Each structure stands twice: as C-alpha cells, then as structure tokens.
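Heads up, the thing below is written out as structure tokens.
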Amino acid sequence: MAILEVSSARKAFGDNQVLKDISFSVEQGEVVAIIGPSGSGKSTLLRCCTVLERLDAGCIRYGADTLVANDSSNQAVYTDKATMKRIRQRFGLVFQSFNLFPHLSVMGNLTEAPIHVSGVGKGEARKKAAALLEKMGLSDKADAYPFELSGGQQQRVAIARALALDPEILFFDEPTSALDPELTGEILKVMRQLAQEHMTMVVVTHEMSFARNVADRVIFMDKGVIVEQGDPREVIDHPSNERTKLFLQKISEK
C-alpha cells in the first residue's frame, strides 16, 4: 500500500486554477522529486498534502487513512478531528524559510511537539533530540537560539525537528532556496543520508543534480498539471515532452 496517494486533486485561488486534476502516489522508502517553473503549483500541492491548504476537490490518503475525499457533488470533504490528528503525525514538513520558533532554543524546538503534541516524556524527548542533533552535526548547538545559527544550521535543525515525531514521510519545500551554494551542500548531504536510510521523501526542488542522483522518481509540473514523470535520468537527461525540455534548458543556462 502506498504511504501517500493523491487522486484528482484540484485547488483554485479565485479564478486561478493552481492544481488541475493532480494524481500520484508515493511508496514506502521512495524519494520523489517535484520540479517545474515557479507558479506551476508545486508548493501548493505540498501545502495541500500537509493540510496547510485545503483542496476544492479530490482525494488524499495516507495509508488506510483518508484525509479528504469528494462528496456526492464532487466537493472535497475533510475527515474528522481524530483521524486528522493521526494523519498529521504521519508526516513532517521542512519549509524553505526554516520556520523555527525564535523564542525557543534548538533543544526546545526539537522537543516542543513530541512533548506537547505526542505526549512524550521530557527525558525521552530530550534523548531523541540529542541523537538527532548528533546526526545533523549540531550536538554543540543544543542551547543556542535560531538567531545564533547560520542558515544551513537552521535548516538542519528544521530537518531534525521534522524527524523528532518519527514521521512516515517527509515533505521538503525548496529546502535550499534561501541558502548560498556552500550551505546548500550541507542540506543536500543530509537529505542524501536520509535517502540512503530509506526515508520516504517528497522534495520540491530546483537542484537538478539531487533530483537526478538521489530521487527514485521525478515529477515535472507546469501550469497546475503533471506534464511528465518517471525515472530521473530519463526525465532530466532525455525528456519526452517539449515543455520539460524547455524548462531544463533554461535551468542549465543559469
């Protein structure tokens, strides 16, 4: 069974139809990279999958749990509060702008949700957080505050915070877009390590080398639809759609 299944997803902001009948699924341990030009609907798709935005129509399932499905008039209806809470604990989201709590230390950022959302004991939460910080190479930053960290360090903390709840799937929304090239390398290294550990991930990215070499599948979106998807080396090196070819050509010229 797929960890995530999206079927016929539609989302509009006013007259702007941002998602037009989007369907795809993600299997356990799979890394899916979503690429495409700005305004193609990539981030909106992630926000709908993580309940930061709500679909107008369509279905999203996490395993056996249905987050949203159409009613008899083809309008999206969301699940009850108990199922919603369970689903929210199945995924983690890493934003492009870090979104750390500025008033909490690094340790506080990592333990806040496990303690207050999942009911984990403080000692257990701190132990798990310390292990994650060691994994991220940030053991010496547990007592630091976000403003004392570099952008790359903040993003590594954000990844650790997402992992602290033991999600089944991690979503990344342009995780390196706010970083300079040197710091980008830090984050991509962490993500490659997670991929090697078979962490299920959906990554919206402009990093074509990451998509080609780390992802199991690439989805190219444009104007709210999936134009092309498949093996990363086929899609990126030998795209079959003219729109995909044009996008990749422009990316390579930058």
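Scheme for the structure tokens: letters A, B, ... for chains in order shown; per-chain residue numbers from 1; ligand numbers from 1 in order shown.
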
Residues of segment 137-166 of chain A that approach segment 174-181 of chain A to 10 Å or less, counting only C-alpha atoms: could you list each one with the shortest pair of atoms and its distance in Å to one decimal, rows by chain and increasing residue number, as JSON lines?
{"residue": "A:Ser150", "atom": "CA", "partner": "A:Leu179", "partner_atom": "CA", "distance": 9.4}
{"residue": "A:Gly151", "atom": "CA", "partner": "A:Leu179", "partner_atom": "CA", "distance": 6.4}
{"residue": "A:Gly152", "atom": "CA", "partner": "A:Leu179", "partner_atom": "CA", "distance": 6.8}
{"residue": "A:Gln155", "atom": "CA", "partner": "A:Pro175", "partner_atom": "CA", "distance": 7.4}
{"residue": "A:Arg156", "atom": "CA", "partner": "A:Pro175", "partner_atom": "CA", "distance": 9.8}
{"residue": "A:Ala158", "atom": "CA", "partner": "A:Pro175", "partner_atom": "CA", "distance": 9.7}
{"residue": "A:Ile159", "atom": "CA", "partner": "A:Pro175", "partner_atom": "CA", "distance": 9.3}

Residues near Arg126 of chain A, cut-off 10 Å, only C-alpha atoms, skip fewer than 6 positions along chain, as number ranges by chain: A: 107-108, 110-112, 114-115, 120, 132, 142, 164

If you run DSSP on the backbone here, which positions in segment 11-199 of chain A get helix (DSSP H, G or I)? Please write them as a ChimeraX atom specification. /A:42-49,81-88,106-116,122-135,139-141,146-148,151-163,181-196

Nearest to Arg47 of chain A among A:Lys189, A:His116, A:Lys11, A:Lys128, with distances taken over only C-alpha atoms: which residue is it?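 The shortest atom-to-atom distance to Arg47 of chain A comes from A:Lys11.
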
Let me make sure I understand: among A:Leu163, A:Val18, A:Ile219, A:Leu188, which one has the smallest atom-to-atom distance to Leu45 of chain A if we use only C-alpha atoms?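 Once distances to Leu45 of chain A are computed over only C-alpha atoms, the minimum belongs to A:Val18.
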
Shell around segment 70-87 of chain A at 6 Å using only C-alpha atoms, local window under 5 positions removed, as a PyMOL selection string: chain A and resi 56-58

Can those selected residues be exported to a file as a compact mmCIF listing (two decimals), in the first residue's frame so that it contains all heavy atoms?
# COMPACT_ATOMS: atom_id res chain seq x y z
N ASP A 56 -10.14 21.88 -3.19
CA ASP A 56 -11.53 22.13 -3.59
C ASP A 56 -12.20 20.81 -3.97
O ASP A 56 -13.41 20.64 -3.76
CB ASP A 56 -11.57 23.08 -4.79
CG ASP A 56 -10.96 24.43 -4.47
OD1 ASP A 56 -11.13 24.91 -3.33
OD2 ASP A 56 -10.29 25.00 -5.35
N ALA A 57 -11.42 19.90 -4.53
CA ALA A 57 -11.94 18.59 -4.92
C ALA A 57 -10.77 17.62 -5.00
O ALA A 57 -9.62 18.03 -5.16
CB ALA A 57 -12.66 18.66 -6.26
N GLY A 58 -11.08 16.33 -4.87
CA GLY A 58 -10.03 15.33 -4.96
C GLY A 58 -9.92 14.51 -3.68
O GLY A 58 -10.69 14.69 -2.73

Can you check which parts of segment 190-223 of chain A lie within 6 Å of segment 34-43 of chain A? Per residue, the shortest pair of atoms and distance in Å to one decimal, counting only C-alpha atoms, sorted by chain and number, as JSON lines.
{"residue": "A:Val203", "atom": "CA", "partner": "A:Ile34", "partner_atom": "CA", "distance": 5.9}
{"residue": "A:Val204", "atom": "CA", "partner": "A:Ile34", "partner_atom": "CA", "distance": 4.7}
{"residue": "A:Thr205", "atom": "CA", "partner": "A:Ile35", "partner_atom": "CA", "distance": 5.8}
{"residue": "A:Val218", "atom": "CA", "partner": "A:Ile34", "partner_atom": "CA", "distance": 5.9}
{"residue": "A:Ile219", "atom": "CA", "partner": "A:Ile34", "partner_atom": "CA", "distance": 4.7}
{"residue": "A:Phe220", "atom": "CA", "partner": "A:Ile35", "partner_atom": "CA", "distance": 4.9}
{"residue": "A:Met221", "atom": "CA", "partner": "A:Gly36", "partner_atom": "CA", "distance": 5.0}
{"residue": "A:Asp222", "atom": "CA", "partner": "A:Ser40", "partner_atom": "CA", "distance": 4.4}
{"residue": "A:Lys223", "atom": "CA", "partner": "A:Ser40", "partner_atom": "CA", "distance": 4.5}

For the structure I just gave you, how does DSSP split segment 9-222 of chain A - specifically, which residues are strand (DSSP E or B)? Reply as number ranges by chain. A: 9-13, 16-26, 31-35, 57-62, 65-70, 76-78, 91-94, 169-173, 200-204, 217-222

Give me the residues within 9 Å of segment 235-241 of chain A as a PDB file with all heavy atoms, in the first residue's frame, counting only C-alpha atoms and dropping any in the same chain fewer than 2 places off.
ATOM      1  N   MET A 208      18.801  20.109  -9.699  1.00  0.00           N
ATOM      2  CA  MET A 208      18.659  19.022 -10.665  1.00  0.00           C
ATOM      3  C   MET A 208      19.611  17.860 -10.379  1.00  0.00           C
ATOM      4  O   MET A 208      19.271  16.696 -10.642  1.00  0.00           O
ATOM      5  CB  MET A 208      18.888  19.541 -12.085  1.00  0.00           C
ATOM      6  CG  MET A 208      17.782  20.461 -12.599  1.00  0.00           C
ATOM      7  SD  MET A 208      16.143  19.708 -12.582  1.00  0.00           S
ATOM      8  CE  MET A 208      15.374  20.650 -11.256  1.00  0.00           C
ATOM      9  N   ALA A 211      17.918  15.779  -7.795  1.00  0.00           N
ATOM     10  CA  ALA A 211      16.796  15.055  -8.392  1.00  0.00           C
ATOM     11  C   ALA A 211      17.291  13.888  -9.242  1.00  0.00           C
ATOM     12  O   ALA A 211      16.735  12.786  -9.196  1.00  0.00           O
ATOM     13  CB  ALA A 211      15.952  16.006  -9.236  1.00  0.00           C
ATOM     14  N   ARG A 212      18.349  14.116 -10.020  1.00  0.00           N
ATOM     15  CA  ARG A 212      18.859  13.077 -10.923  1.00  0.00           C
ATOM     16  C   ARG A 212      19.512  11.935 -10.152  1.00  0.00           C
ATOM     17  O   ARG A 212      19.322  10.757 -10.475  1.00  0.00           O
ATOM     18  CB  ARG A 212      19.868  13.673 -11.905  1.00  0.00           C
ATOM     19  CG  ARG A 212      20.446  12.634 -12.880  1.00  0.00           C
ATOM     20  CD  ARG A 212      21.621  13.173 -13.656  1.00  0.00           C
ATOM     21  NE  ARG A 212      21.254  14.189 -14.614  1.00  0.00           N
ATOM     22  CZ  ARG A 212      21.540  15.481 -14.481  1.00  0.00           C
ATOM     23  NH1 ARG A 212      22.194  15.913 -13.399  1.00  0.00           N
ATOM     24  NH2 ARG A 212      21.180  16.347 -15.400  1.00  0.00           N
ATOM     25  N   ARG A 217      12.140   8.911  -8.435  1.00  0.00           N
ATOM     26  CA  ARG A 217      11.212   9.332  -9.482  1.00  0.00           C
ATOM     27  C   ARG A 217      11.148  10.850  -9.499  1.00  0.00           C
ATOM     28  O   ARG A 217      11.237  11.494  -8.455  1.00  0.00           O
ATOM     29  CB  ARG A 217       9.822   8.742  -9.211  1.00  0.00           C
ATOM     30  CG  ARG A 217       8.747   9.101 -10.218  1.00  0.00           C
ATOM     31  CD  ARG A 217       7.604   8.083 -10.191  1.00  0.00           C
ATOM     32  NE  ARG A 217       7.198   7.760  -8.844  1.00  0.00           N
ATOM     33  CZ  ARG A 217       6.113   8.280  -8.231  1.00  0.00           C
ATOM     34  NH1 ARG A 217       5.347   9.135  -8.894  1.00  0.00           N
ATOM     35  NH2 ARG A 217       5.799   7.935  -7.013  1.00  0.00           N
ATOM     36  N   VAL A 218      11.022  11.400 -10.689  1.00  0.00           N
ATOM     37  CA  VAL A 218      10.878  12.849 -10.861  1.00  0.00           C
ATOM     38  C   VAL A 218       9.512  13.137 -11.462  1.00  0.00           C
ATOM     39  O   VAL A 218       9.077  12.450 -12.396  1.00  0.00           O
ATOM     40  CB  VAL A 218      11.990  13.423 -11.763  1.00  0.00           C
ATOM     41  CG1 VAL A 218      11.615  14.810 -12.261  1.00  0.00           C
ATOM     42  CG2 VAL A 218      13.302  13.492 -11.001  1.00  0.00           C
ATOM     43  N   ILE A 219       8.839  14.145 -10.899  1.00  0.00           N
ATOM     44  CA  ILE A 219       7.575  14.637 -11.444  1.00  0.00           C
ATOM     45  C   ILE A 219       7.810  16.066 -11.931  1.00  0.00           C
ATOM     46  O   ILE A 219       8.261  16.911 -11.157  1.00  0.00           O
ATOM     47  CB  ILE A 219       6.464  14.622 -10.379  1.00  0.00           C
ATOM     48  CG1 ILE A 219       6.120  13.184  -9.978  1.00  0.00           C
ATOM     49  CG2 ILE A 219       5.220  15.350 -10.878  1.00  0.00           C
ATOM     50  CD1 ILE A 219       5.144  13.090  -8.818  1.00  0.00           C
ATOM     51  N   PHE A 220       7.526  16.328 -13.201  1.00  0.00           N
ATOM     52  CA  PHE A 220       7.629  17.684 -13.726  1.00  0.00           C
ATOM     53  C   PHE A 220       6.229  18.274 -13.830  1.00  0.00           C
ATOM     54  O   PHE A 220       5.354  17.731 -14.504  1.00  0.00           O
ATOM     55  CB  PHE A 220       8.296  17.689 -15.106  1.00  0.00           C
ATOM     56  CG  PHE A 220       8.261  19.046 -15.773  1.00  0.00           C
ATOM     57  CD1 PHE A 220       8.974  20.111 -15.238  1.00  0.00           C
ATOM     58  CD2 PHE A 220       7.500  19.265 -16.913  1.00  0.00           C
ATOM     59  CE1 PHE A 220       8.925  21.365 -15.830  1.00  0.00           C
ATOM     60  CE2 PHE A 220       7.448  20.516 -17.520  1.00  0.00           C
ATOM     61  CZ  PHE A 220       8.169  21.573 -16.965  1.00  0.00           C
ATOM     62  N   VAL A 227       3.086  17.156 -16.148  1.00  0.00           N
ATOM     63  CA  VAL A 227       3.379  17.071 -17.579  1.00  0.00           C
ATOM     64  C   VAL A 227       4.100  15.767 -17.910  1.00  0.00           C
ATOM     65  O   VAL A 227       3.827  15.126 -18.935  1.00  0.00           O
ATOM     66  CB  VAL A 227       4.241  18.276 -18.017  1.00  0.00           C
ATOM     67  CG1 VAL A 227       4.666  18.146 -19.473  1.00  0.00           C
ATOM     68  CG2 VAL A 227       3.479  19.574 -17.790  1.00  0.00           C
ATOM     69  N   GLU A 228       5.010  15.379 -17.010  1.00  0.00           N
ATOM     70  CA  GLU A 228       5.853  14.212 -17.287  1.00  0.00           C
ATOM     71  C   GLU A 228       6.383  13.685 -15.969  1.00  0.00           C
ATOM     72  O   GLU A 228       6.664  14.449 -15.039  1.00  0.00           O
ATOM     73  CB  GLU A 228       7.007  14.627 -18.201  1.00  0.00           C
ATOM     74  CG  GLU A 228       7.868  13.494 -18.705  1.00  0.00           C
ATOM     75  CD  GLU A 228       8.871  13.933 -19.781  1.00  0.00           C
ATOM     76  OE1 GLU A 228       8.805  15.113 -20.215  1.00  0.00           O
ATOM     77  OE2 GLU A 228       9.700  13.102 -20.178  1.00  0.00           O
ATOM     78  N   GLN A 229       6.516  12.377 -15.843  1.00  0.00           N
ATOM     79  CA  GLN A 229       7.133  11.791 -14.654  1.00  0.00           C
ATOM     80  C   GLN A 229       7.771  10.464 -15.013  1.00  0.00           C
ATOM     81  O   GLN A 229       7.411   9.840 -16.011  1.00  0.00           O
ATOM     82  CB  GLN A 229       6.121  11.611 -13.525  1.00  0.00           C
ATOM     83  CG  GLN A 229       5.001  10.625 -13.783  1.00  0.00           C
ATOM     84  CD  GLN A 229       4.135  10.421 -12.558  1.00  0.00           C
ATOM     85  OE1 GLN A 229       4.636  10.097 -11.486  1.00  0.00           O
ATOM     86  NE2 GLN A 229       2.835  10.648 -12.703  1.00  0.00           N
ATOM     87  N   GLY A 230       8.747  10.062 -14.187  1.00  0.00           N
ATOM     88  CA  GLY A 230       9.405   8.794 -14.430  1.00  0.00           C
ATOM     89  C   GLY A 230      10.785   8.754 -13.820  1.00  0.00           C
ATOM     90  O   GLY A 230      11.103   9.505 -12.887  1.00  0.00           O
ATOM     91  N   ASP A 231      11.615   7.858 -14.335  1.00  0.00           N
ATOM     92  CA  ASP A 231      12.986   7.702 -13.866  1.00  0.00           C
ATOM     93  C   ASP A 231      13.724   9.030 -14.015  1.00  0.00           C
ATOM     94  O   ASP A 231      13.667   9.653 -15.084  1.00  0.00           O
ATOM     95  CB  ASP A 231      13.697   6.614 -14.682  1.00  0.00           C
ATOM     96  CG  ASP A 231      15.135   6.430 -14.256  1.00  0.00           C
ATOM     97  OD1 ASP A 231      16.019   7.136 -14.802  1.00  0.00           O
ATOM     98  OD2 ASP A 231      15.379   5.605 -13.361  1.00  0.00           O
ATOM     99  N   PRO A 232      14.411   9.492 -12.969  1.00  0.00           N
ATOM    100  CA  PRO A 232      15.052  10.813 -13.016  1.00  0.00           C
ATOM    101  C   PRO A 232      15.996  11.005 -14.200  1.00  0.00           C
ATOM    102  O   PRO A 232      15.993  12.068 -14.835  1.00  0.00           O
ATOM    103  CB  PRO A 232      15.801  10.895 -11.685  1.00  0.00           C
ATOM    104  CG  PRO A 232      15.053   9.990 -10.783  1.00  0.00           C
ATOM    105  CD  PRO A 232      14.568   8.860 -11.637  1.00  0.00           C
ATOM    106  N   ARG A 233      16.784  10.014 -14.513  1.00  0.00           N
ATOM    107  CA  ARG A 233      17.755  10.174 -15.597  1.00  0.00           C
ATOM    108  C   ARG A 233      17.055  10.239 -16.950  1.00  0.00           C
ATOM    109  O   ARG A 233      17.530  10.919 -17.872  1.00  0.00           O
ATOM    110  CB  ARG A 233      18.777   9.034 -15.549  1.00  0.00           C
ATOM    111  CG  ARG A 233      19.668   9.109 -14.304  1.00  0.00           C
ATOM    112  CD  ARG A 233      20.656   7.954 -14.222  1.00  0.00           C
ATOM    113  NE  ARG A 233      21.389   7.999 -12.971  1.00  0.00           N
ATOM    114  CZ  ARG A 233      22.508   8.689 -12.770  1.00  0.00           C
ATOM    115  NH1 ARG A 233      23.017   9.405 -13.766  1.00  0.00           N
ATOM    116  NH2 ARG A 233      23.116   8.679 -11.593  1.00  0.00           N
ATOM    117  N   ARG A 243       7.726  20.825 -23.269  1.00  0.00           N
ATOM    118  CA  ARG A 243       7.713  21.786 -22.156  1.00  0.00           C
ATOM    119  C   ARG A 243       8.785  21.423 -21.136  1.00  0.00           C
ATOM    120  O   ARG A 243       9.449  22.305 -20.586  1.00  0.00           O
ATOM    121  CB  ARG A 243       6.322  21.800 -21.494  1.00  0.00           C
ATOM    122  CG  ARG A 243       6.213  22.824 -20.364  1.00  0.00           C
ATOM    123  CD  ARG A 243       6.332  24.251 -20.885  1.00  0.00           C
ATOM    124  NE  ARG A 243       6.431  25.222 -19.812  1.00  0.00           N
ATOM    125  CZ  ARG A 243       7.568  25.652 -19.268  1.00  0.00           C
ATOM    126  NH1 ARG A 243       8.733  25.173 -19.713  1.00  0.00           N
ATOM    127  NH2 ARG A 243       7.568  26.552 -18.320  1.00  0.00           N
ATOM    128  N   THR A 244       8.966  20.147 -20.876  1.00  0.00           N
ATOM    129  CA  THR A 244      10.018  19.690 -19.965  1.00  0.00           C
ATOM    130  C   THR A 244      11.387  20.060 -20.523  1.00  0.00           C
ATOM    131  O   THR A 244      12.262  20.545 -19.795  1.00  0.00           O
ATOM    132  CB  THR A 244       9.944  18.173 -19.752  1.00  0.00           C
ATOM    133  OG1 THR A 244       8.594  17.779 -19.504  1.00  0.00           O
ATOM    134  CG2 THR A 244      10.802  17.750 -18.574  1.00  0.00           C
ATOM    135  N   LYS A 245      11.583  19.840 -21.824  1.00  0.00           N
ATOM    136  CA  LYS A 245      12.868  20.151 -22.461  1.00  0.00           C
ATOM    137  C   LYS A 245      13.191  21.638 -22.316  1.00  0.00           C
ATOM    138  O   LYS A 245      14.332  22.013 -21.987  1.00  0.00           O
ATOM    139  CB  LYS A 245      12.829  19.775 -23.946  1.00  0.00           C
ATOM    140  CG  LYS A 245      12.760  18.289 -24.214  1.00  0.00           C
ATOM    141  CD  LYS A 245      12.675  18.020 -25.719  1.00  0.00           C
ATOM    142  CE  LYS A 245      12.539  16.545 -26.009  1.00  0.00           C
ATOM    143  NZ  LYS A 245      12.402  16.264 -27.466  1.00  0.00           N
ATOM    144  N   LEU A 246      12.204  22.497 -22.532  1.00  0.00           N
ATOM    145  CA  LEU A 246      12.414  23.938 -22.445  1.00  0.00           C
ATOM    146  C   LEU A 246      12.781  24.357 -21.026  1.00  0.00           C
ATOM    147  O   LEU A 246      13.699  25.158 -20.820  1.00  0.00           O
ATOM    148  CB  LEU A 246      11.165  24.678 -22.901  1.00  0.00           C
ATOM    149  CG  LEU A 246      11.229  26.214 -22.894  1.00  0.00           C
ATOM    150  CD1 LEU A 246      12.328  26.707 -23.831  1.00  0.00           C
ATOM    151  CD2 LEU A 246       9.873  26.806 -23.302  1.00  0.00           C
ATOM    152  N   LEU A 248      14.184  22.502 -18.619  1.00  0.00           N
ATOM    153  CA  LEU A 248      15.512  22.007 -18.255  1.00  0.00           C
ATOM    154  C   LEU A 248      16.601  22.788 -18.988  1.00  0.00           C
ATOM    155  O   LEU A 248      17.687  23.003 -18.439  1.00  0.00           O
ATOM    156  CB  LEU A 248      15.601  20.515 -18.562  1.00  0.00           C
ATOM    157  CG  LEU A 248      14.718  19.633 -17.667  1.00  0.00           C
ATOM    158  CD1 LEU A 248      14.669  18.213 -18.211  1.00  0.00           C
ATOM    159  CD2 LEU A 248      15.256  19.621 -16.231  1.00  0.00           C
TER     160      LEU A 248
END

So, with only C-alpha atoms as the atoms that count, which of A:Ser209, A:Ser118, A:Gln96, A:Gln193 lies closest to Phe172 of chain A?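 Among A:Ser209, A:Ser118, A:Gln96, A:Gln193, it is A:Gln96 that comes nearest to Phe172 of chain A.
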
Interatomic distance, atom CA of Ala64 of chain A to atom CA of Arg90 of chain A (Å, one decimal): 11.7 Å

Using only C-alpha atoms, find the one residue out of A:Ala12, A:His103, A:Gly224, A:Ala130 that sits nearest to Arg161 of chain A. A:Ala130

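Picture a line from atom CA of Cys49 of chain A to atom CA of Gln17 of chain A; it runs 16.9 Å.
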
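Each of A:Asn213, A:Arg88, A:Asp143, A:Gly137 was compared to Val117 of chain A using only C-alpha atoms, and A:Arg88 turns out to be the nearest.
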
Of the residues A:Leu55, A:Leu170, A:Gln196, A:Ala33, which is the one nearest to Ser8 of chain A, using only C-alpha atoms?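 Among the listed residues, the smallest separation from Ser8 of chain A belongs to A:Leu55.
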
Quick one, how far is atom CA of Val26 of chain A from atom CA of Leu4 of chain A?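 These atoms are spaced 5.1 Å apart.
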